[in-house]
file model22.csv (CSV, C-alpha atoms)
chain,number,residue,atom,x,y,z
A,153,MET,CA,1.1,-14.0,-13.4
A,154,ASP,CA,4.6,-15.0,-12.5
A,155,TYR,CA,5.9,-13.8,-9.1
A,156,PRO,CA,9.4,-13.3,-7.8
A,157,THR,CA,10.0,-16.1,-5.1
A,158,LYS,CA,13.4,-15.7,-3.5
A,159,ALA,CA,13.3,-14.1,-0.1
A,160,MET,CA,15.8,-12.9,2.5
A,161,ASN,CA,15.3,-14.3,5.9
A,162,LYS,CA,16.6,-11.5,8.0
A,163,THR,CA,13.4,-10.1,9.5
A,164,THR,CA,13.3,-10.6,13.3
A,165,THR,CA,10.2,-11.1,15.4
A,166,THR,CA,10.8,-7.8,17.0
A,167,LEU,CA,10.9,-5.9,13.7
A,168,THR,CA,7.8,-7.7,12.6
A,169,LEU,CA,5.9,-6.7,15.7
A,170,LEU,CA,7.1,-3.1,15.3
A,171,ILE,CA,5.8,-3.1,11.8
A,172,ILE,CA,2.4,-4.5,12.9
A,173,ILE,CA,2.1,-2.0,15.7
A,174,GLY,CA,3.0,0.8,13.3
A,175,LEU,CA,0.4,-0.3,10.8
A,176,VAL,CA,-2.3,-0.7,13.4
A,177,GLY,CA,-1.5,2.7,14.7
A,178,GLY,CA,-1.9,4.1,11.2
A,179,PHE,CA,-5.3,2.5,10.9
A,180,PHE,CA,-6.5,3.9,14.2
A,181,LEU,CA,-5.2,7.4,13.6
A,182,GLY,CA,-6.8,7.7,10.1
A,183,GLN,CA,-6.1,10.4,7.6
A,184,SER,CA,-3.7,13.2,8.2
A,185,THR,CA,-4.8,16.7,7.5
A,186,ALA,CA,-2.8,19.7,6.2
A,187,GLN,CA,-3.1,23.3,7.2
A,188,PRO,CA,-3.9,25.6,4.3
A,189,GLY,CA,-2.0,28.8,3.8
A,190,VAL,CA,1.5,29.8,3.1
A,191,ARG,CA,4.1,27.1,2.5
A,192,THR,CA,7.6,26.7,1.1
A,193,VAL,CA,8.2,25.5,-2.4
A,194,TYR,CA,11.3,23.5,-3.2
A,195,VAL,CA,11.8,23.6,-7.0
A,196,THR,CA,14.3,20.8,-7.7
A,197,SER,CA,16.6,20.5,-10.7
A,198,VAL,CA,19.3,17.8,-11.2
A,199,ASP,CA,22.3,17.7,-13.4
A,200,THR,CA,22.6,14.0,-14.1
A,201,ARG,CA,26.2,14.3,-15.2
A,202,THR,CA,27.5,15.7,-11.9
A,203,VAL,CA,24.6,14.4,-9.8
A,204,SER,CA,24.2,17.8,-8.2
A,205,VAL,CA,20.9,19.0,-6.8
A,206,THR,CA,19.8,22.6,-6.9
A,207,PHE,CA,16.9,24.1,-4.9
A,208,THR,CA,15.0,27.3,-5.6
A,209,VAL,CA,13.0,28.4,-2.6
A,210,ALA,CA,9.9,30.5,-2.9
A,211,THR,CA,6.8,31.2,-0.8
A,212,THR,CA,3.3,30.6,-2.2
A,213,VAL,CA,-0.3,29.6,-1.4
A,214,THR,CA,-1.5,26.1,-2.2
A,215,GLU,CA,-3.7,25.9,-5.2
A,216,VAL,CA,-6.9,24.0,-4.7
A,217,VAL,CA,-6.9,20.8,-6.8
A,218,GLU,CA,-10.0,18.9,-7.5
A,219,ARG,CA,-10.5,16.2,-4.8
A,220,HIS,CA,-10.0,13.2,-7.1
A,221,GLY,CA,-8.8,14.9,-10.3
A,222,PRO,CA,-10.1,14.0,-13.7
A,223,ASP,CA,-7.6,11.1,-14.0
A,224,VAL,CA,-8.4,9.4,-10.7
A,225,ARG,CA,-11.5,7.2,-10.3
A,226,TYR,CA,-11.3,5.3,-7.0
A,227,ALA,CA,-8.7,6.8,-4.7
A,228,LYS,CA,-9.8,9.6,-2.4
A,229,LEU,CA,-6.5,10.7,-0.9
A,230,PHE,CA,-4.7,12.0,-4.0
A,231,ALA,CA,-5.5,14.0,-7.1
A,232,LEU,CA,-3.9,13.9,-10.5
A,233,GLU,CA,-4.5,16.0,-13.6
A,234,ASN,CA,-2.6,15.9,-16.8
A,235,ARG,CA,-2.5,19.5,-18.1
A,236,GLY,CA,-0.6,19.0,-21.4
A,237,GLY,CA,3.1,19.6,-20.7
A,238,TYR,CA,3.0,19.0,-17.0
A,239,VAL,CA,1.1,17.1,-14.3
A,240,LEU,CA,-0.7,18.7,-11.4
A,241,LEU,CA,-1.1,16.5,-8.3
A,242,ARG,CA,-2.2,16.5,-4.7
A,243,ASP,CA,-0.4,14.2,-2.3
A,244,GLY,CA,-1.4,12.5,0.9
A,245,LEU,CA,-0.8,15.7,2.9
A,246,ASN,CA,-3.0,17.7,0.6
A,247,ARG,CA,0.0,19.5,-0.8
A,248,THR,CA,-0.1,20.7,-4.4
A,249,VAL,CA,2.7,19.2,-6.5
A,250,VAL,CA,3.7,20.1,-10.1
A,251,ALA,CA,5.6,17.5,-12.1
A,252,VAL,CA,7.4,19.3,-15.0
A,253,PRO,CA,9.6,17.6,-17.7
A,254,ARG,CA,13.2,18.5,-17.7
A,255,GLY,CA,14.1,21.4,-19.9
A,256,ALA,CA,10.5,22.7,-19.9
A,257,ALA,CA,9.4,26.0,-18.4
A,258,VAL,CA,7.8,25.8,-15.0
A,259,PRO,CA,4.1,26.7,-15.4
A,260,ASP,CA,2.6,29.7,-13.7
A,261,VAL,CA,0.8,27.5,-11.1
A,262,ARG,CA,0.8,28.0,-7.4
A,263,ALA,CA,2.2,24.9,-5.7
A,264,ASP,CA,4.0,23.5,-2.7
A,265,LEU,CA,6.5,21.6,-4.7
A,266,VAL,CA,7.8,21.5,-8.2
A,267,VAL,CA,9.5,18.2,-9.3
A,268,ARG,CA,11.5,17.8,-12.5
A,269,ILE,CA,10.6,14.6,-14.2
A,270,PRO,CA,11.6,11.9,-14.9
A,271,VAL,CA,13.0,11.6,-11.4
A,272,GLN,CA,16.5,10.2,-11.5
A,273,ARG,CA,17.3,9.6,-7.8
A,274,ALA,CA,14.3,8.5,-5.7
A,275,VAL,CA,14.2,7.2,-2.2
A,276,LEU,CA,11.3,5.1,-1.2
A,277,MET,CA,10.0,4.6,2.4
A,278,SER,CA,7.7,1.6,2.1
A,279,ALA,CA,7.7,-1.9,0.6
A,280,THR,CA,4.3,-1.0,-1.0
A,281,HIS,CA,6.0,1.9,-2.8
A,282,VAL,CA,8.5,-0.6,-4.1
A,283,ALA,CA,5.7,-2.9,-5.2
A,284,LEU,CA,4.2,-0.1,-7.4
A,285,VAL,CA,7.6,0.6,-8.9
A,286,GLU,CA,8.1,-3.1,-9.6
A,287,ARG,CA,4.8,-3.3,-11.4
A,288,LEU,CA,5.8,-0.3,-13.5
A,289,ARG,CA,9.2,-2.0,-14.1
A,290,GLU,CA,7.5,-4.7,-16.2
A,291,TYR,CA,7.3,-2.0,-18.9
A,292,ASP,CA,10.5,-0.1,-18.0
A,293,PRO,CA,13.1,-2.7,-16.9
A,294,ALA,CA,15.7,0.0,-16.1
A,295,LEU,CA,13.4,1.7,-13.6
A,296,LEU,CA,15.1,0.4,-10.5
A,297,GLY,CA,18.2,2.3,-11.7
A,298,ARG,CA,16.4,5.5,-10.6
A,299,VAL,CA,15.9,4.2,-7.0
A,300,ALA,CA,18.8,5.4,-4.9
A,301,GLY,CA,17.7,4.3,-1.5
A,302,LEU,CA,15.1,2.4,0.5
A,303,MET,CA,14.0,2.7,4.1
A,304,TRP,CA,14.0,-0.7,5.8
A,305,GLY,CA,16.1,-1.9,2.9
A,306,GLY,CA,18.2,-4.3,4.8
A,307,SER,CA,15.6,-5.4,7.3
A,308,TYR,CA,12.8,-6.7,5.2
A,309,SER,CA,12.6,-10.1,3.6
A,310,TRP,CA,12.4,-9.1,0.0
A,311,PHE,CA,10.3,-11.0,-2.5
A,312,PHE,CA,11.5,-8.9,-5.5
A,313,PRO,CA,14.8,-10.6,-6.5
A,314,GLU,CA,16.3,-7.6,-8.3
A,315,VAL,CA,15.6,-5.3,-5.4
A,316,GLU,CA,17.4,-7.7,-3.1
A,317,ARG,CA,20.3,-8.0,-5.5
A,318,LEU,CA,20.8,-4.3,-5.8
A,319,LEU,CA,20.6,-3.8,-2.0
A,320,GLN,CA,23.2,-6.5,-1.5
A,321,ARG,CA,25.5,-4.9,-4.0
A,322,GLY,CA,25.0,-1.5,-2.4
A,323,VAL,CA,23.5,0.0,-5.6
A,324,ILE,CA,20.4,0.8,-3.7
A,325,LYS,CA,21.3,2.1,-0.2
A,326,ASP,CA,19.5,1.1,3.0
A,327,VAL,CA,18.8,4.5,4.7
A,328,GLY,CA,17.4,3.1,7.9
A,329,ALA,CA,14.1,2.8,9.7
A,330,ALA,CA,11.1,4.7,8.3
A,331,TRP,CA,10.5,6.5,11.6
A,332,SER,CA,14.1,7.5,12.1
A,333,PRO,CA,16.1,7.3,8.8
A,334,ASP,CA,19.8,8.0,8.6
A,335,TYR,CA,19.5,11.7,7.5
A,336,GLU,CA,23.2,12.1,6.9
A,337,GLN,CA,23.2,9.3,4.4
A,338,LEU,CA,19.9,10.5,3.0
A,339,VAL,CA,21.4,13.9,2.2
A,340,ALA,CA,24.5,12.2,0.8
A,341,LEU,CA,22.4,10.4,-1.7
A,342,GLN,CA,21.2,13.7,-3.1
A,343,PRO,CA,17.7,12.5,-3.9
A,344,ASP,CA,15.5,14.6,-6.2
A,345,LEU,CA,12.5,13.0,-4.6
A,346,VAL,CA,11.7,11.1,-1.4
A,347,MET,CA,8.4,9.2,-1.2
A,348,ILE,CA,7.1,8.7,2.3
A,349,TYR,CA,4.0,7.9,4.3
A,350,THR,CA,3.0,9.8,7.4
A,351,TYR,CA,1.2,9.5,10.7
A,352,PRO,CA,0.3,12.2,13.3
A,353,GLY,CA,3.4,13.2,15.2
A,354,ASP,CA,5.7,11.9,12.5
A,355,PRO,CA,9.1,13.7,12.8
A,356,VAL,CA,10.2,12.8,9.3
A,357,VAL,CA,8.2,15.5,7.4
A,358,SER,CA,9.6,18.3,9.5
A,359,LYS,CA,13.2,17.0,9.2
A,360,LEU,CA,12.9,16.6,5.4
A,361,GLU,CA,11.7,20.2,5.2
A,362,GLU,CA,14.5,21.4,7.5
A,363,LEU,CA,17.0,19.6,5.2
A,364,LYS,CA,15.2,21.0,2.1
A,365,LEU,CA,14.8,17.5,0.7
A,366,PRO,CA,11.9,17.3,-1.7
A,367,TYR,CA,9.3,14.8,-0.7
A,368,VAL,CA,5.7,13.6,-1.6
A,369,VAL,CA,3.4,11.7,0.7
A,370,VAL,CA,2.0,8.4,-0.6
A,371,SER,CA,-1.0,7.4,1.5
A,372,GLU,CA,-2.3,4.3,-0.3
A,373,TYR,CA,-2.6,2.3,2.9
A,374,LEU,CA,-5.3,4.7,4.2
A,375,GLU,CA,-7.6,4.2,1.2
A,376,ASP,CA,-10.9,2.3,1.9
A,377,ASP,CA,-11.1,0.6,-1.5
A,378,LEU,CA,-8.9,-2.0,-3.1
A,379,LEU,CA,-8.8,-0.3,-6.4
A,380,GLY,CA,-8.3,3.0,-4.7
A,381,ARG,CA,-5.2,1.6,-3.0
A,382,PHE,CA,-3.7,0.3,-6.2
A,383,GLU,CA,-4.6,3.5,-8.1
A,384,TRP,CA,-1.7,5.2,-6.4
A,385,ILE,CA,0.4,3.6,-9.1
A,386,LYS,CA,-0.7,6.6,-11.2
A,387,PHE,CA,0.7,9.0,-8.6
A,388,VAL,CA,4.0,7.2,-8.4
A,389,ALA,CA,4.2,6.8,-12.2
A,390,ALA,CA,3.8,10.5,-12.8
A,391,PHE,CA,7.3,11.2,-11.3
A,392,PHE,CA,8.9,8.7,-13.7
A,393,GLU,CA,7.0,9.9,-16.8
A,394,LEU,CA,5.2,6.6,-16.9
A,395,GLY,CA,1.7,7.8,-16.7
A,396,ASP,CA,0.6,6.0,-19.9
A,397,VAL,CA,2.0,2.7,-18.5
A,398,ALA,CA,0.2,3.2,-15.2
A,399,ASP,CA,-3.1,3.9,-16.9
A,400,LYS,CA,-2.8,0.6,-18.9
A,401,VAL,CA,-1.7,-1.4,-15.8
A,402,PHE,CA,-4.5,0.0,-13.7
A,403,SER,CA,-7.1,-0.6,-16.4
A,404,PHE,CA,-6.1,-4.3,-16.5
A,405,VAL,CA,-6.3,-4.6,-12.7
A,406,GLU,CA,-9.6,-2.8,-12.6
A,407,GLN,CA,-11.2,-5.0,-15.3
A,408,SER,CA,-9.9,-8.2,-13.6
A,409,VAL,CA,-11.3,-7.1,-10.2
A,410,LEU,CA,-14.6,-6.1,-11.7
A,411,LEU,CA,-15.0,-9.4,-13.6
A,412,THR,CA,-14.2,-11.4,-10.5
A,413,SER,CA,-16.8,-9.4,-8.6
A,414,LEU,CA,-19.4,-9.9,-11.2
A,415,ARG,CA,-18.9,-13.6,-11.2
A,416,ALA,CA,-19.0,-13.9,-7.4
A,417,LYS,CA,-22.2,-11.8,-7.2
A,418,ALA,CA,-23.8,-13.9,-9.9
A,419,LEU,CA,-23.2,-17.0,-7.8
A,420,VAL,CA,-25.1,-15.5,-4.9
A,421,ALA,CA,-27.8,-14.1,-7.2
A,422,HIS,CA,-28.4,-17.6,-8.5
A,423,GLY,CA,-28.8,-19.3,-5.2
A,424,VAL,CA,-25.3,-19.9,-3.6
A,425,SER,CA,-25.4,-18.8,0.0
A,426,ALA,CA,-23.4,-15.7,0.8
A,427,PRO,CA,-20.4,-16.9,2.8
A,428,LYS,CA,-20.1,-15.4,6.3
A,429,VAL,CA,-16.5,-14.2,6.9
A,430,VAL,CA,-14.4,-13.2,10.0
A,431,TRP,CA,-11.2,-11.2,9.4
A,432,PHE,CA,-9.0,-10.5,12.3
A,433,SER,CA,-5.6,-10.8,14.0
A,434,VAL,CA,-4.9,-11.4,17.7
A,435,TYR,CA,-1.8,-10.5,19.8
A,436,ARG,CA,-1.5,-11.1,23.5
A,437,GLY,CA,-5.2,-11.2,24.0
A,438,THR,CA,-6.0,-8.1,22.0
A,439,VAL,CA,-8.2,-8.7,18.9
A,440,TYR,CA,-7.9,-6.4,15.9
A,441,VAL,CA,-10.7,-6.6,13.3
A,442,ALA,CA,-11.0,-4.9,9.9
A,443,GLY,CA,-13.6,-2.1,10.2
A,444,GLY,CA,-16.8,-2.1,8.3
A,445,GLY,CA,-15.6,0.8,6.2
A,446,SER,CA,-12.2,-0.7,5.3
A,447,TYR,CA,-11.0,-1.9,2.0
A,448,VAL,CA,-11.2,-5.4,3.3
A,449,ALA,CA,-14.9,-5.1,4.2
A,450,ARG,CA,-15.6,-3.5,0.8
A,451,ALA,CA,-13.7,-6.2,-1.0
A,452,LEU,CA,-15.8,-8.9,0.8
A,453,LYS,CA,-19.0,-7.0,-0.1
A,454,ASP,CA,-17.9,-6.8,-3.7
A,455,LEU,CA,-17.6,-10.6,-3.7
A,456,GLY,CA,-21.1,-11.0,-2.3
A,457,ALA,CA,-19.9,-12.1,1.1
A,458,SER,CA,-21.4,-11.2,4.5
A,459,TYR,CA,-18.7,-9.7,6.8
A,460,VAL,CA,-19.5,-10.1,10.5
A,461,PHE,CA,-18.0,-6.8,11.6
A,462,SER,CA,-19.6,-4.7,8.8
A,463,ASP,CA,-21.4,-2.7,11.6
A,464,ILE,CA,-18.1,-1.3,13.0
A,465,ALA,CA,-17.7,2.3,11.6
A,466,SER,CA,-14.0,2.3,10.9
A,467,THR,CA,-12.0,2.5,7.6
A,468,GLY,CA,-9.1,0.8,9.2
A,469,SER,CA,-8.9,-1.6,12.1
A,470,ALA,CA,-10.7,-1.7,15.4
A,471,THR,CA,-10.4,-3.7,18.6
A,472,VAL,CA,-13.1,-6.0,20.0
A,473,THR,CA,-13.1,-8.3,23.0
A,474,PRO,CA,-12.2,-11.9,22.5
A,475,GLU,CA,-15.7,-12.9,23.6
A,476,GLU,CA,-17.3,-10.7,20.9
A,477,LEU,CA,-15.0,-12.2,18.3
A,478,VAL,CA,-15.8,-15.7,19.3
A,479,ALA,CA,-19.6,-15.0,19.4
A,480,ARG,CA,-19.6,-13.7,15.9
A,481,ALA,CA,-17.1,-16.3,14.5
A,482,LEU,CA,-18.8,-19.5,15.7
A,483,ASP,CA,-21.1,-19.8,12.6
A,484,ALA,CA,-18.8,-18.1,10.1
A,485,ASP,CA,-18.0,-20.0,7.0
A,486,VAL,CA,-14.5,-18.6,6.6
A,487,ILE,CA,-12.0,-17.3,9.1
A,488,ILE,CA,-9.1,-15.2,7.7
A,489,LEU,CA,-6.2,-14.2,10.0
A,490,SER,CA,-4.6,-10.9,8.9
A,491,THR,CA,-1.1,-12.0,10.1
A,492,ASP,CA,1.6,-14.5,9.2
A,493,LEU,CA,2.8,-14.8,12.8
A,494,ILE,CA,0.2,-17.4,13.6
A,495,THR,CA,0.9,-20.4,11.5
A,496,THR,CA,-0.9,-23.4,13.1
A,497,ARG,CA,-4.3,-24.1,14.7
A,498,GLU,CA,-2.5,-24.7,18.0
A,499,ASP,CA,-1.0,-21.2,17.8
A,500,LEU,CA,-4.5,-19.7,17.3
A,501,LEU,CA,-6.2,-21.8,19.9
A,502,LYS,CA,-3.7,-20.7,22.5
A,503,GLU,CA,-5.1,-17.2,22.0
A,504,LEU,CA,-8.7,-18.1,21.4
A,505,PRO,CA,-9.5,-21.7,22.4
A,506,GLN,CA,-13.2,-21.3,21.9
A,507,LEU,CA,-12.7,-21.1,18.1
A,508,ALA,CA,-12.2,-24.8,18.1
A,509,ASP,CA,-16.0,-25.1,18.1
A,510,SER,CA,-16.5,-22.8,15.1
A,511,LYS,CA,-17.9,-23.9,11.8
A,512,ALA,CA,-14.9,-22.7,9.9
A,513,PHE,CA,-12.6,-24.8,12.1
A,514,ARG,CA,-14.7,-27.9,11.6
A,515,GLU,CA,-14.8,-27.5,7.9
A,516,ASN,CA,-11.1,-26.6,7.5
A,517,ARG,CA,-11.7,-23.1,6.1
A,518,VAL,CA,-9.3,-21.1,8.3
A,519,TYR,CA,-6.6,-19.1,6.4
A,520,ARG,CA,-3.8,-16.7,7.3
A,521,TYR,CA,-1.6,-14.3,5.4
A,522,SER,CA,1.3,-15.6,3.4
A,523,SER,CA,4.7,-14.0,4.2
A,524,ASP,CA,4.8,-12.2,0.8
A,525,ILE,CA,1.4,-10.7,0.9
A,526,PHE,CA,2.5,-7.2,1.9
A,527,GLN,CA,4.7,-7.0,-1.2
A,528,LEU,CA,3.4,-9.3,-3.9
A,529,GLY,CA,-0.2,-9.2,-2.7
A,530,TYR,CA,-0.2,-5.4,-3.3
A,531,TYR,CA,1.9,-5.7,-6.5
A,532,ALA,CA,-0.8,-8.1,-7.9
A,533,SER,CA,-4.0,-6.7,-6.3
A,534,GLU,CA,-6.2,-8.4,-8.9
A,535,ASP,CA,-4.8,-11.8,-7.8
A,536,TRP,CA,-5.2,-10.9,-4.1
A,537,PHE,CA,-8.9,-10.2,-4.9
A,538,ARG,CA,-9.2,-13.4,-6.8
A,539,ASP,CA,-7.7,-15.3,-3.9
A,540,LEU,CA,-10.6,-14.0,-1.7
A,541,ALA,CA,-13.0,-15.4,-4.3
A,542,LYS,CA,-11.2,-18.8,-4.2
A,543,MET,CA,-11.6,-19.0,-0.4
A,544,LEU,CA,-15.2,-17.9,-0.4
A,545,TYR,CA,-16.4,-20.0,-3.4
A,546,PRO,CA,-13.8,-22.8,-3.8
A,547,GLU,CA,-16.0,-24.9,-6.1
A,548,ALA,CA,-16.5,-22.0,-8.6
A,549,PHE,CA,-13.0,-20.5,-8.5
A,550,ASP,CA,-10.9,-23.6,-8.3
A,551,GLY,CA,-9.0,-23.1,-11.5
A,552,GLY,CA,-5.2,-22.7,-11.1
A,553,GLY,CA,-5.1,-24.2,-7.6
A,554,GLY,CA,-5.7,-22.6,-4.2
A,555,PRO,CA,-5.1,-19.1,-3.1
A,556,ARG,CA,-1.6,-17.6,-3.6
A,557,PHE,CA,-1.5,-15.0,-0.8
A,558,PHE,CA,-3.4,-16.9,1.8
A,559,VAL,CA,-2.4,-20.2,3.5
A,560,GLU,CA,-4.6,-22.7,5.1
A,561,VAL,CA,-4.1,-22.9,8.8
A,562,ARG,CA,-3.6,-26.6,9.7
call {"tool": "encode", "arguments": {"input": "model22.csv", "output": "structure tokens"}}
result
Amino acid sequence: MDYPTKAMNKTTTTLTLLIIIGLVGGFFLGQSTAQPGVRTVYVTSVDTRTVSVTFTVATTVTEVVERHGPDVRYAKLFALENRGGYVLLRDGLNRTVVAVPRGAAVPDVRADLVVRIPVQRAVLMSATHVALVERLREYDPALLGRVAGLMWGGSYSWFFPEVERLLQRGVIKDVGAAWSPDYEQLVALQPDLVMIYTYPGDPVVSKLEELKLPYVVVSEYLEDDLLGRFEWIKFVAAFFELGDVADKVFSFVEQSVLLTSLRAKALVAHGVSAPKVVWFSVYRGTVYVAGGGSYVARALKDLGASYVFSDIASTGSATVTPEELVARALDADVIILSTDLITTREDLLKELPQLADSKAFRENRVYRYSSDIFQLGYYASEDWFRDLAKMLYPEAFDGGGGPRFFVEVR
């Protein structure tokens, strides 16, 4: 697969650390829950000639949607059901959303939000949301024309050249930080849908409701399965009337991941030792490891590997002492640093000098994240998974060179 390669170099160390802190906080806090009962529905219609937005307000009770929905196989935090003429969804806050084609009658379905599709003016909060739109854009090149704004737009280093170009030209507007966007500018964009993620205490949801701006919650980062995370492409695609495209893309990714998994497990079944893996980051003496119930731990298991922190009952990250990390890492075959802030062995040994005696260090099998992994690694989840296989079984998965989204720490 070909990847965009040009990047902006504007991201500061401070911003990077803020992003990491935010993500770690999200892992710790886990899933958000929604209160059942009476909610407000914003039924949105857009006249694309005048770019005016009309809201019809009503009060209703949320309809219960099947947890996964018949069209969702791996993701646990959204539901999707095509009902012939409209799509019924449940978002990351357990809100019922109905996506209805323009010009069609709104079905007699109780819902928290009705969205007219295809959406013409979307605002995206996360680079992972952009990654899903970019994957869909392979089959609809004009899709970015429906993205009116991005949070963090001018702060990220972008690895999608067309996104970067449209931001620089002002075609896509940067609407500020995710936790405190420029609401005046957001309203001025007149979006017919804002895609956000949330965390407990998040002020954005209440502010969007106050402004009567329609939004959906995309919680892919809380899923505990790689395919479950990528399956959110179906959720995003529903609002652009690209459900058929999303199904085909997901099927390709799914088959690629399953075939890589089968091949790796076959190696172990036929006598190759299951590689022992440590996956962590460290910052100012605090060690963060992927929990035993996380998508990382599951991906390693699906590749026949032994993850040293599989006993930690967390679907996100957890903290351990430096001493515990070192004790478990000494005989590990592979060390993977879930950060791109540590780039050399010297950097890592300043934090954890004892790792110099580890097997992975002696055998030069220490890797870190590449700078584009949070965008392109999610965009191409099947290649991210294959990269893991390359690091775990380099002799068997050596075709096409080394890993793309992980860099050897030298």
call {"tool": "residues_near_point", "arguments": {"input": "model22.csv", "point": "(-20.5, -10.1, -5.9)", "cutoff": "6 Å", "atoms": "only C-alpha atoms", "output": "number ranges by chain"}}
result
A: 413-414, 416-417, 454-456
call {"tool": "write_last_selection", "arguments": {"input": "model22.csv", "atoms": "C-alpha atoms", "output": "PDB file, in the frame of the given file"}}
result
ATOM      1  CA  SER A 413     -16.800  -9.400  -8.600  1.00  0.00           C
ATOM      2  CA  LEU A 414     -19.400  -9.900 -11.200  1.00  0.00           C
ATOM      3  CA  ALA A 416     -19.000 -13.900  -7.400  1.00  0.00           C
ATOM      4  CA  LYS A 417     -22.200 -11.800  -7.200  1.00  0.00           C
ATOM      5  CA  ASP A 454     -17.900  -6.800  -3.700  1.00  0.00           C
ATOM      6  CA  LEU A 455     -17.600 -10.600  -3.700  1.00  0.00           C
ATOM      7  CA  GLY A 456     -21.100 -11.000  -2.300  1.00  0.00           C
TER       8      GLY A 456
END
call {"tool": "closest_residue", "arguments": {"input": "model22.csv", "among": "A:Lys359, A:Arg538, A:Arg450, A:Arg562", "to": "Leu500 in chain A", "atoms": "all atoms listed in the file"}}
result
A:Arg562
call {"tool": "closest_residue", "arguments": {"input": "model22.csv", "among": "A:Ala227, A:Val261, A:Asp539, A:Pro270", "to": "Phe392 in chain A", "atoms": "all atoms listed in the file"}}
result
A:Pro270
call {"tool": "closest_residue", "arguments": {"input": "model22.csv", "among": "A:Ala294, A:Val267, A:Val472, A:Leu319", "to": "Tyr367 in chain A", "atoms": "all atoms listed in the file"}}
result
A:Val267
call {"tool": "residues_around", "arguments": {"input": "model22.csv", "residues": "range 439-446 of chain A", "least_positions_apart": "2", "cutoff": "8 Å", "atoms": "all atoms listed in the file", "output": "list in words"}}
result
Glu375, Asp376, Asp377, Trp431, Phe432, Ser433, Val434, Tyr435, Gly437, Val448, Ala449, Arg450, Tyr459, Phe461, Ser462, Asp463, Ile464, Ala465, Ser466, Thr467, Gly468, Ser469, Ala470, Thr471, Val472, Thr473, Pro474 and Leu477 of chain A
call {"tool": "residues_around", "arguments": {"input": "model22.csv", "residues": "Leu318 in chain A", "least_positions_apart": "4", "cutoff": "12 Å", "atoms": "all atoms listed in the file", "output": "VMD selection string"}}
result
chain A and resid 296 to 302 305 to 306 310 312 to 314 322 to 326
call {"tool": "closest_residue", "arguments": {"input": "model22.csv", "among": "A:Phe537, A:Tyr519, A:Phe387, A:Phe404", "to": "Val561 in chain A", "atoms": "all atoms listed in the file"}}
result
A:Tyr519
call {"tool": "closest_residue", "arguments": {"input": "model22.csv", "among": "A:Glu361, A:Glu547, A:Asp509, A:Glu498", "to": "Leu419 in chain A", "atoms": "all atoms listed in the file"}}
result
A:Glu547
call {"tool": "atom_distance", "arguments": {"input": "model22.csv", "atom1": "CA of Pro546 in chain A", "atom2": "CA of Glu560 in chain A"}}
result
12.8 Å
call {"tool": "atom_distance", "arguments": {"input": "model22.csv", "atom1": "CA of Thr350 in chain A", "atom2": "CA of Val224 in chain A"}}
result
21.4 Å
